[in-house]
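As stored in entry13.pdb (PDB, C-alpha atoms, pLDDT in the B column):
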MODEL        1
ATOM      1  CA  MET L1226     -15.723  32.416 -24.121  1.00 51.00           C
ATOM      2  CA  THR L1227     -14.071  33.116 -20.784  1.00 51.00           C
ATOM      3  CA  VAL L1228     -11.466  30.704 -19.461  1.00 45.00           C
ATOM      4  CA  LEU L1229     -10.861  30.777 -15.730  1.00 51.00           C
ATOM      5  CA  LEU L1230      -7.400  29.701 -14.648  1.00 56.00           C
ATOM      6  CA  THR L1231      -7.078  28.158 -11.196  1.00 67.00           C
ATOM      7  CA  ARG L1232      -3.824  28.561  -9.327  1.00 77.00           C
ATOM      8  CA  GLY L1233      -2.928  25.355  -7.565  1.00 88.00           C
ATOM      9  CA  ALA L1234      -1.864  25.094  -3.948  1.00 93.00           C
ATOM     10  CA  GLU L1235       1.683  24.453  -2.789  1.00 96.00           C
ATOM     11  CA  VAL L1236       2.113  21.475  -0.486  1.00 97.00           C
ATOM     12  CA  SER L1237       5.451  21.534   1.291  1.00 97.00           C
ATOM     13  CA  GLY L1238       6.788  19.620   4.220  1.00 96.00           C
ATOM     14  CA  ARG L1239       9.303  17.205   5.596  1.00 96.00           C
ATOM     15  CA  VAL L1240       9.947  13.475   5.813  1.00 95.00           C
ATOM     16  CA  ILE L1241      11.139  12.515   9.306  1.00 94.00           C
ATOM     17  CA  THR L1242      12.880   9.303  10.333  1.00 90.00           C
ATOM     18  CA  ASP L1243      15.013   8.141  13.250  1.00 83.00           C
ATOM     19  CA  ASN L1244      17.546   6.868  10.706  1.00 84.00           C
ATOM     20  CA  PRO L1245      18.799   9.873   8.664  1.00 81.00           C
ATOM     21  CA  ASP L1246      20.696   7.565   6.289  1.00 82.00           C
ATOM     22  CA  LEU L1247      17.347   6.475   4.850  1.00 83.00           C
ATOM     23  CA  LEU L1248      16.701   9.949   3.446  1.00 84.00           C
ATOM     24  CA  THR L1249      19.266   9.395   0.689  1.00 83.00           C
ATOM     25  CA  ARG L1250      17.118   6.529  -0.653  1.00 84.00           C
ATOM     26  CA  PHE L1251      14.033   8.653  -1.304  1.00 86.00           C
ATOM     27  CA  ASP L1252      13.258  10.191  -4.680  1.00 88.00           C
ATOM     28  CA  SER L1253      10.063  12.126  -4.076  1.00 93.00           C
ATOM     29  CA  VAL L1254       6.759  12.584  -2.309  1.00 94.00           C
ATOM     30  CA  SER L1255       3.861  12.138  -4.742  1.00 93.00           C
ATOM     31  CA  LEU L1256       0.186  13.083  -4.726  1.00 92.00           C
ATOM     32  CA  GLY L1257      -2.538  11.372  -6.723  1.00 87.00           C
ATOM     33  CA  GLY L1258      -6.311  11.368  -6.867  1.00 74.00           C
ATOM     34  CA  GLU L1259      -8.066   9.642  -3.987  1.00 57.00           C
ATOM     35  CA  PHE L1260      -8.853   6.501  -5.969  1.00 50.00           C
ATOM     36  CA  GLN L1261      -5.824   6.764  -8.228  1.00 44.00           C
ATOM     37  CA  GLN L1262      -2.924   4.366  -7.859  1.00 47.00           C
ATOM     38  CA  PRO L1263       0.787   5.245  -7.871  1.00 45.00           C
ATOM     39  CA  PHE L1264       1.361   3.321 -11.119  1.00 43.00           C
ATOM     40  CA  VAL L1265      -0.786   5.930 -12.930  1.00 43.00           C
ATOM     41  CA  THR L1266       1.382   8.576 -14.605  1.00 45.00           C
ATOM     42  CA  ASN L1267      -0.622  11.786 -14.043  1.00 63.00           C
ATOM     43  CA  VAL L1268       0.532  12.518 -10.514  1.00 86.00           C
ATOM     44  CA  LEU L1269       2.285  15.473  -8.897  1.00 92.00           C
ATOM     45  CA  SER L1270       5.651  14.983  -7.212  1.00 94.00           C
ATOM     46  CA  GLY L1271       8.257  16.914  -5.283  1.00 95.00           C
ATOM     47  CA  SER L1272      11.854  15.769  -4.820  1.00 94.00           C
ATOM     48  CA  VAL L1273      12.992  14.957  -1.286  1.00 93.00           C
ATOM     49  CA  THR L1274      16.214  16.710  -0.245  1.00 93.00           C
ATOM     50  CA  ASN L1275      18.914  14.994   1.805  1.00 89.00           C
ATOM     51  CA  ASN L1276      17.489  16.613   4.931  1.00 91.00           C
ATOM     52  CA  GLY L1277      13.970  15.454   4.134  1.00 93.00           C
ATOM     53  CA  PHE L1278      12.280  18.599   2.801  1.00 95.00           C
ATOM     54  CA  PHE L1279      10.000  18.627  -0.252  1.00 97.00           C
ATOM     55  CA  THR L1280       7.650  20.957  -2.146  1.00 97.00           C
ATOM     56  CA  ILE L1281       4.835  20.032  -4.532  1.00 96.00           C
ATOM     57  CA  SER L1282       3.408  22.892  -6.591  1.00 95.00           C
ATOM     58  CA  GLY L1283       0.252  23.336  -8.635  1.00 92.00           C
ATOM     59  CA  VAL L1284      -2.045  21.075  -6.596  1.00 92.00           C
ATOM     60  CA  LEU L1285      -5.571  21.740  -7.853  1.00 90.00           C
ATOM     61  CA  PRO L1286      -8.714  21.337  -5.708  1.00 90.00           C
ATOM     62  CA  GLY L1287      -9.675  17.716  -5.151  1.00 88.00           C
ATOM     63  CA  ASN L1288      -9.235  14.630  -2.993  1.00 88.00           C
ATOM     64  CA  TYR L1289      -5.725  13.191  -2.740  1.00 90.00           C
ATOM     65  CA  LEU L1290      -3.537  10.471  -1.334  1.00 88.00           C
ATOM     66  CA  ALA L1291       0.204  10.883  -0.736  1.00 92.00           C
ATOM     67  CA  TRP L1292       3.035   8.355  -0.916  1.00 90.00           C
ATOM     68  CA  ILE L1293       6.836   8.228  -1.042  1.00 89.00           C
ATOM     69  CA  GLU L1294       8.856   7.021  -4.029  1.00 86.00           C
ATOM     70  CA  TYR L1295      12.297   5.560  -3.321  1.00 82.00           C
ATOM     71  CA  HIS L1296      15.073   4.060  -5.445  1.00 76.00           C
ATOM     72  CA  GLU L1297      16.606   1.693  -2.888  1.00 67.00           C
ATOM     73  CA  PRO L1298      14.562  -0.924  -1.027  1.00 66.00           C
ATOM     74  CA  ALA L1299      14.295  -0.297   2.693  1.00 73.00           C
ATOM     75  CA  ASN L1300      12.365  -1.863   5.544  1.00 80.00           C
ATOM     76  CA  ILE L1301      10.350   1.308   6.076  1.00 86.00           C
ATOM     77  CA  TYR L1302       6.697   2.169   6.539  1.00 88.00           C
ATOM     78  CA  VAL L1303       4.636   5.294   7.174  1.00 89.00           C
ATOM     79  CA  LYS L1304       4.013   5.737  10.902  1.00 90.00           C
ATOM     80  CA  SER L1305       2.064   8.956  10.500  1.00 92.00           C
ATOM     81  CA  MET L1306       1.168  11.518   7.866  1.00 95.00           C
ATOM     82  CA  ARG L1307      -0.350  14.863   8.802  1.00 97.00           C
ATOM     83  CA  LEU L1308      -1.486  17.798   6.684  1.00 97.00           C
ATOM     84  CA  ASP L1309      -1.736  21.033   8.665  1.00 97.00           C
ATOM     85  CA  GLY L1310      -1.771  18.915  11.818  1.00 96.00           C
ATOM     86  CA  VAL L1311      -4.624  16.631  10.677  1.00 96.00           C
ATOM     87  CA  ASP L1312      -4.216  12.904   9.987  1.00 93.00           C
ATOM     88  CA  ALA L1313      -3.841  12.438   6.211  1.00 92.00           C
ATOM     89  CA  ARG L1314      -2.959   8.751   5.822  1.00 87.00           C
ATOM     90  CA  ASP L1315      -6.444   7.936   4.538  1.00 81.00           C
ATOM     91  CA  GLY L1316      -6.482  10.895   2.163  1.00 86.00           C
ATOM     92  CA  PHE L1317      -7.125  14.624   2.310  1.00 91.00           C
ATOM     93  CA  ARG L1318      -8.787  17.422   0.365  1.00 91.00           C
ATOM     94  CA  ILE L1319      -7.270  20.510  -1.228  1.00 92.00           C
ATOM     95  CA  GLU L1320      -9.854  23.303  -1.452  1.00 90.00           C
ATOM     96  CA  GLY L1321      -7.950  26.273  -2.868  1.00 89.00           C
ATOM     97  CA  PRO L1322      -4.547  27.890  -3.474  1.00 91.00           C
ATOM     98  CA  SER L1323      -3.584  28.387   0.177  1.00 93.00           C
ATOM     99  CA  PRO L1324      -0.204  26.792   1.070  1.00 95.00           C
ATOM    100  CA  ARG L1325      -0.401  23.521   2.994  1.00 96.00           C
ATOM    101  CA  GLN L1326       2.126  21.881   5.318  1.00 97.00           C
ATOM    102  CA  MET L1327       2.698  18.121   5.446  1.00 98.00           C
ATOM    103  CA  GLU L1328       4.712  15.995   7.860  1.00 97.00           C
ATOM    104  CA  ILE L1329       5.484  12.343   7.117  1.00 96.00           C
ATOM    105  CA  VAL L1330       7.032  10.215   9.875  1.00 94.00           C
ATOM    106  CA  LEU L1331       8.608   6.918   8.834  1.00 91.00           C
ATOM    107  CA  GLY L1332       9.432   3.828  10.842  1.00 88.00           C
ATOM    108  CA  ASP L1333      12.403   1.663   9.879  1.00 86.00           C
ATOM    109  CA  ALA L1334      11.344  -1.602  11.541  1.00 88.00           C
ATOM    110  CA  GLY L1335       8.558  -2.937   9.362  1.00 89.00           C
ATOM    111  CA  GLY L1336       7.156  -6.406   9.884  1.00 92.00           C
ATOM    112  CA  ALA L1337       7.888  -9.402   7.660  1.00 93.00           C
ATOM    113  CA  LEU L1338       6.072 -12.528   6.499  1.00 93.00           C
ATOM    114  CA  ASP L1339       7.371 -15.570   4.703  1.00 93.00           C
ATOM    115  CA  GLY L1340       5.783 -18.873   3.910  1.00 92.00           C
ATOM    116  CA  ALA L1341       4.590 -21.381   1.361  1.00 93.00           C
ATOM    117  CA  VAL L1342       1.620 -21.640  -0.984  1.00 93.00           C
ATOM    118  CA  LEU L1343      -0.040 -25.063  -1.214  1.00 89.00           C
ATOM    119  CA  ASN L1344      -2.823 -26.306  -3.448  1.00 84.00           C
ATOM    120  CA  ASP L1345      -5.848 -28.241  -2.173  1.00 82.00           C
ATOM    121  CA  LYS L1346      -3.775 -31.451  -2.354  1.00 82.00           C
ATOM    122  CA  LEU L1347      -1.092 -29.892  -0.125  1.00 85.00           C
ATOM    123  CA  ALA L1348       1.409 -29.739  -2.996  1.00 84.00           C
ATOM    124  CA  PRO L1349       3.494 -26.570  -3.571  1.00 85.00           C
ATOM    125  CA  SER L1350       1.829 -24.100  -5.908  1.00 88.00           C
ATOM    126  CA  ALA L1351       2.877 -20.958  -7.731  1.00 88.00           C
ATOM    127  CA  ALA L1352       0.573 -18.043  -6.955  1.00 92.00           C
ATOM    128  CA  THR L1353       0.282 -14.311  -6.470  1.00 94.00           C
ATOM    129  CA  VAL L1354       0.306 -13.617  -2.733  1.00 95.00           C
ATOM    130  CA  VAL L1355      -1.344 -10.396  -1.561  1.00 96.00           C
ATOM    131  CA  LEU L1356      -1.462  -8.919   1.931  1.00 96.00           C
ATOM    132  CA  VAL L1357      -4.565  -6.704   2.017  1.00 96.00           C
ATOM    133  CA  PRO L1358      -4.993  -4.018   4.705  1.00 93.00           C
ATOM    134  CA  ASN L1359      -8.214  -3.703   6.646  1.00 91.00           C
ATOM    135  CA  GLY L1360     -10.445  -0.660   6.770  1.00 85.00           C
ATOM    136  CA  SER L1361      -9.944   2.607   4.918  1.00 80.00           C
ATOM    137  CA  LEU L1362      -6.318   1.783   4.033  1.00 83.00           C
ATOM    138  CA  ARG L1363      -7.680  -0.417   1.246  1.00 86.00           C
ATOM    139  CA  ARG L1364      -7.931   2.778  -0.791  1.00 80.00           C
ATOM    140  CA  ARG L1365      -4.121   3.036  -0.727  1.00 81.00           C
ATOM    141  CA  SER L1366      -2.371   0.706  -3.143  1.00 80.00           C
ATOM    142  CA  THR L1367       0.891   1.360  -1.273  1.00 81.00           C
ATOM    143  CA  ALA L1368      -0.625  -0.269   1.832  1.00 87.00           C
ATOM    144  CA  TYR L1369      -0.870  -3.610   0.005  1.00 92.00           C
ATOM    145  CA  LYS L1370       2.063  -6.016  -0.149  1.00 94.00           C
ATOM    146  CA  VAL L1371       2.427  -8.353  -3.127  1.00 95.00           C
ATOM    147  CA  ALA L1372       4.778 -11.254  -3.833  1.00 94.00           C
ATOM    148  CA  VAL L1373       4.934 -13.961  -6.484  1.00 94.00           C
ATOM    149  CA  ALA L1374       5.552 -17.402  -5.008  1.00 93.00           C
ATOM    150  CA  ASP L1375       8.385 -19.322  -6.680  1.00 89.00           C
ATOM    151  CA  PRO L1376       7.878 -22.756  -8.321  1.00 85.00           C
ATOM    152  CA  VAL L1377       8.076 -24.465  -4.923  1.00 91.00           C
ATOM    153  CA  GLY L1378       5.546 -22.063  -3.439  1.00 92.00           C
ATOM    154  CA  ARG L1379       7.880 -19.957  -1.290  1.00 95.00           C
ATOM    155  CA  PHE L1380       7.321 -16.218  -0.858  1.00 95.00           C
ATOM    156  CA  GLN L1381       8.447 -13.267   1.272  1.00 94.00           C
ATOM    157  CA  LEU L1382       6.820  -9.961   2.206  1.00 94.00           C
ATOM    158  CA  GLN L1383       8.754  -7.182   3.932  1.00 91.00           C
ATOM    159  CA  ALA L1384       8.450  -3.569   5.106  1.00 90.00           C
ATOM    160  CA  ILE L1385       4.922  -4.169   6.403  1.00 93.00           C
ATOM    161  CA  ALA L1386       3.354  -1.391   8.454  1.00 91.00           C
ATOM    162  CA  PRO L1387       1.963  -2.543  11.816  1.00 92.00           C
ATOM    163  CA  GLY L1388      -1.738  -3.263  11.568  1.00 92.00           C
ATOM    164  CA  ASP L1389      -4.436  -5.793  10.738  1.00 94.00           C
ATOM    165  CA  TYR L1390      -4.532  -7.516   7.354  1.00 96.00           C
ATOM    166  CA  LYS L1391      -5.942 -10.415   5.361  1.00 95.00           C
ATOM    167  CA  LEU L1392      -3.671 -12.700   3.346  1.00 95.00           C
ATOM    168  CA  PHE L1393      -4.723 -14.111  -0.038  1.00 95.00           C
ATOM    169  CA  ALA L1394      -3.027 -16.312  -2.663  1.00 94.00           C
ATOM    170  CA  TRP L1395      -4.445 -16.564  -6.188  1.00 94.00           C
ATOM    171  CA  VAL L1396      -3.222 -19.100  -8.754  1.00 90.00           C
ATOM    172  CA  ASP L1397      -4.455 -16.952 -11.643  1.00 88.00           C
ATOM    173  CA  VAL L1398      -5.395 -13.319 -11.157  1.00 90.00           C
ATOM    174  CA  GLU L1399      -5.196 -10.137 -13.201  1.00 89.00           C
ATOM    175  CA  ALA L1400      -2.643  -7.610 -12.002  1.00 88.00           C
ATOM    176  CA  ASN L1401      -4.098  -5.276  -9.366  1.00 89.00           C
ATOM    177  CA  ALA L1402      -7.511  -6.985  -9.460  1.00 90.00           C
ATOM    178  CA  TRP L1403      -7.386  -6.998  -5.648  1.00 91.00           C
ATOM    179  CA  LEU L1404      -7.649  -3.190  -5.702  1.00 89.00           C
ATOM    180  CA  ASP L1405     -11.219  -3.581  -6.981  1.00 90.00           C
ATOM    181  CA  ALA L1406     -13.567  -3.699  -3.993  1.00 89.00           C
ATOM    182  CA  GLU L1407     -16.120  -5.837  -5.845  1.00 90.00           C
ATOM    183  CA  PHE L1408     -13.500  -8.416  -6.814  1.00 90.00           C
ATOM    184  CA  LEU L1409     -12.111  -8.583  -3.303  1.00 91.00           C
ATOM    185  CA  ARG L1410     -15.567  -8.912  -1.780  1.00 91.00           C
ATOM    186  CA  THR L1411     -16.006 -12.195  -3.685  1.00 90.00           C
ATOM    187  CA  TYR L1412     -13.038 -13.711  -1.837  1.00 92.00           C
ATOM    188  CA  GLU L1413     -13.255 -11.801   1.447  1.00 91.00           C
ATOM    189  CA  GLU L1414     -13.988 -14.829   3.612  1.00 88.00           C
ATOM    190  CA  ARG L1415     -11.079 -16.742   2.110  1.00 89.00           C
ATOM    191  CA  GLY L1416      -8.594 -14.217   3.395  1.00 89.00           C
ATOM    192  CA  PHE L1417      -6.719 -15.216   6.525  1.00 87.00           C
ATOM    193  CA  PRO L1418      -6.714 -12.464   9.192  1.00 91.00           C
ATOM    194  CA  ILE L1419      -3.282 -11.635  10.516  1.00 93.00           C
ATOM    195  CA  SER L1420      -1.893  -8.870  12.733  1.00 92.00           C
ATOM    196  CA  VAL L1421       1.570  -7.449  12.113  1.00 93.00           C
ATOM    197  CA  GLY L1422       3.572  -5.648  14.780  1.00 91.00           C
ATOM    198  CA  GLU L1423       6.602  -3.409  14.468  1.00 90.00           C
ATOM    199  CA  GLY L1424       9.644  -5.523  13.655  1.00 90.00           C
ATOM    200  CA  THR L1425       7.734  -8.808  13.937  1.00 91.00           C
ATOM    201  CA  LYS L1426       8.325 -11.822  11.693  1.00 92.00           C
ATOM    202  CA  ALA L1427       5.937 -14.688  11.008  1.00 92.00           C
ATOM    203  CA  SER L1428       5.736 -17.745   8.760  1.00 92.00           C
ATOM    204  CA  VAL L1429       2.491 -18.873   7.140  1.00 90.00           C
ATOM    205  CA  ARG L1430       1.092 -21.630   4.943  1.00 91.00           C
ATOM    206  CA  VAL L1431      -1.421 -20.410   2.378  1.00 89.00           C
ATOM    207  CA  THR L1432      -3.914 -22.493   0.402  1.00 90.00           C
ATOM    208  CA  ALA L1433      -4.052 -21.181  -3.159  1.00 90.00           C
ATOM    209  CA  ILE L1434      -7.367 -19.878  -4.527  1.00 92.00           C
ATOM    210  CA  PRO L1435      -7.999 -21.114  -8.085  1.00 85.00           C
ATOM    211  CA  PHE L1436      -9.428 -18.308 -10.214  1.00 64.00           C
ATOM    212  CA  THR L1437     -12.263 -20.174 -11.945  1.00 56.00           C
ATOM    213  CA  PRO L1438     -16.045 -19.644 -12.242  1.00 51.00           C
ATOM    214  CA  ALA L1439     -16.519 -22.539  -9.829  1.00 34.00           C
ATOM    215  CA  THR L1440     -14.611 -20.623  -7.186  1.00 38.00           C
ATOM    216  CA  LEU L1441     -17.295 -17.942  -7.087  1.00 40.00           C
ATOM    217  CA  SER L1442     -19.861 -20.414  -5.767  1.00 34.00           C
ATOM    218  CA  ALA L1443     -17.551 -22.738  -3.866  1.00 33.00           C
ATOM    219  CA  SER L1444     -17.855 -23.196  -0.144  1.00 31.00           C
ATOM    220  CA  VAL L1445     -15.430 -21.113   1.876  1.00 31.00           C
ATOM    221  CA  THR L1446     -12.626 -22.697   3.860  1.00 31.00           C
ATOM    222  CA  THR L1447      -9.868 -21.198   5.973  1.00 30.00           C
ATOM    223  CA  PRO L1448      -6.972 -20.729   3.535  1.00 32.00           C
ATOM    224  CA  CYS L1449      -3.929 -20.647   5.764  1.00 32.00           C
ATOM    225  CA  GLY L1450      -2.507 -20.962   9.230  1.00 32.00           C
ATOM    226  CA  ILE L1451       0.453 -19.567  11.095  1.00 32.00           C
ATOM    227  CA  LYS L1452       3.225 -22.043  11.719  1.00 27.00           C
TER
ENDMDL
END

Kindly present the structure from the file in structure tokens form.
Amino acid sequence: MTVLLTRGAEVSGRVITDNPDLLTRFDSVSLGGEFQQPFVTNVLSGSVTNNGFFTISGVLPGNYLAWIEYHEPANIYVKSMRLDGVDARDGFRIEGPSPRQMEIVLGDAGGALDGAVLNDKLAPSAATVVLVPNGSLRRRSTAYKVAVADPVGRFQLQAIAPGDYKLFAWVDVEANAWLDAEFLRTYEERGFPISVGEGTKASVRVTAIPFTPATLSASVTTPCGIK
């Protein structure tokens, strides 16, 4: 039997930000399979130096997404990500062992949302609040923002990249169920469309979605409104 060994590519590059102090908060740049999420362990990573450089070795052929791991919270978001000069935010493909160059530009003025979750009787409700991106960014778990509303229904979401989203609040939902396209399609019309700009702040009221069999056939109503 003949075993063929494939030498992986080296992806190197730099993280760029207008605020150099942010670079000390980053741990690494990571790559995972196109439909893989960052909480999965079998990913490839490269440490980010204090001047923003990183190298990831042994990247085998396949489709990938990239994201940044950091150890201190910051109001940052990815403004652009390019691999060999081509937009890579929605994913990219590695074909062979040739070296690749990546540039990640970060913004430090993400948007913010806060608000309250109410039940259908307008009483405060605990819930899992999820801000879901539109379009191809739904493949990136890092593009979602999640908060758990406190007992009086209050929640906050920060470091939101500018763009168009839908906001959902589930009373009872399995962790990361919203990453399943089929699950999300069931509730699509109950999401409230909202646009987030750089550095903008907004307050919202969200009507909680009960996770019951009846919900699947219930009539759809607008779940929230901006105050």

Pairwise distance, CA of Val1357 in chain L with CA of Pro1435 in chain L, equals 17.9 Å

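Here CA of Arg1379 in chain L and CA of Tyr1302 in chain L stand 23.5 Å from one another.
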
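Between Ser1323 in chain L and the residues L:Val1284, L:Val1311, L:Leu1409, L:Leu1290, the shortest atom-to-atom distance, using only C-alpha atoms, involves L:Val1284.
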
Using only C-alpha atoms, determine which residues lie at most 9 Å from Val1398 in chain L, disregarding the query and same-chain residues fewer than 5 positions distant; provide the list as JSON, numbers by chain.
-> {"L": [1352, 1353, 1403, 1435, 1436]}

Show which residues sit within 12 Å of Leu1382 in chain L, as a ChimeraX atom specification. Count all atoms listed in the file, and ignore same-chain residues fewer than 6 positions away.
-> /L:1300,1335-1341,1353-1357,1369-1374,1392,1421,1425-1429

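The neighbours of Ile1319 in chain L here are the residues that come within 12 Å of it, using all atoms listed in the file and leaving out any residue fewer than 2 positions away in the same chain; they are Arg1232, Gly1233, Ala1234, Glu1235, Val1236, Leu1256, Gly1257, Gly1258, Glu1259, Gly1283, Val1284, Leu1285, Pro1286, Gly1287, Asn1288, Tyr1289, Leu1290, Leu1308, Asp1309, Ala1313, Gly1316, Phe1317, Gly1321, Pro1322, Ser1323, Pro1324, Arg1325 and Gln1326 of chain L.
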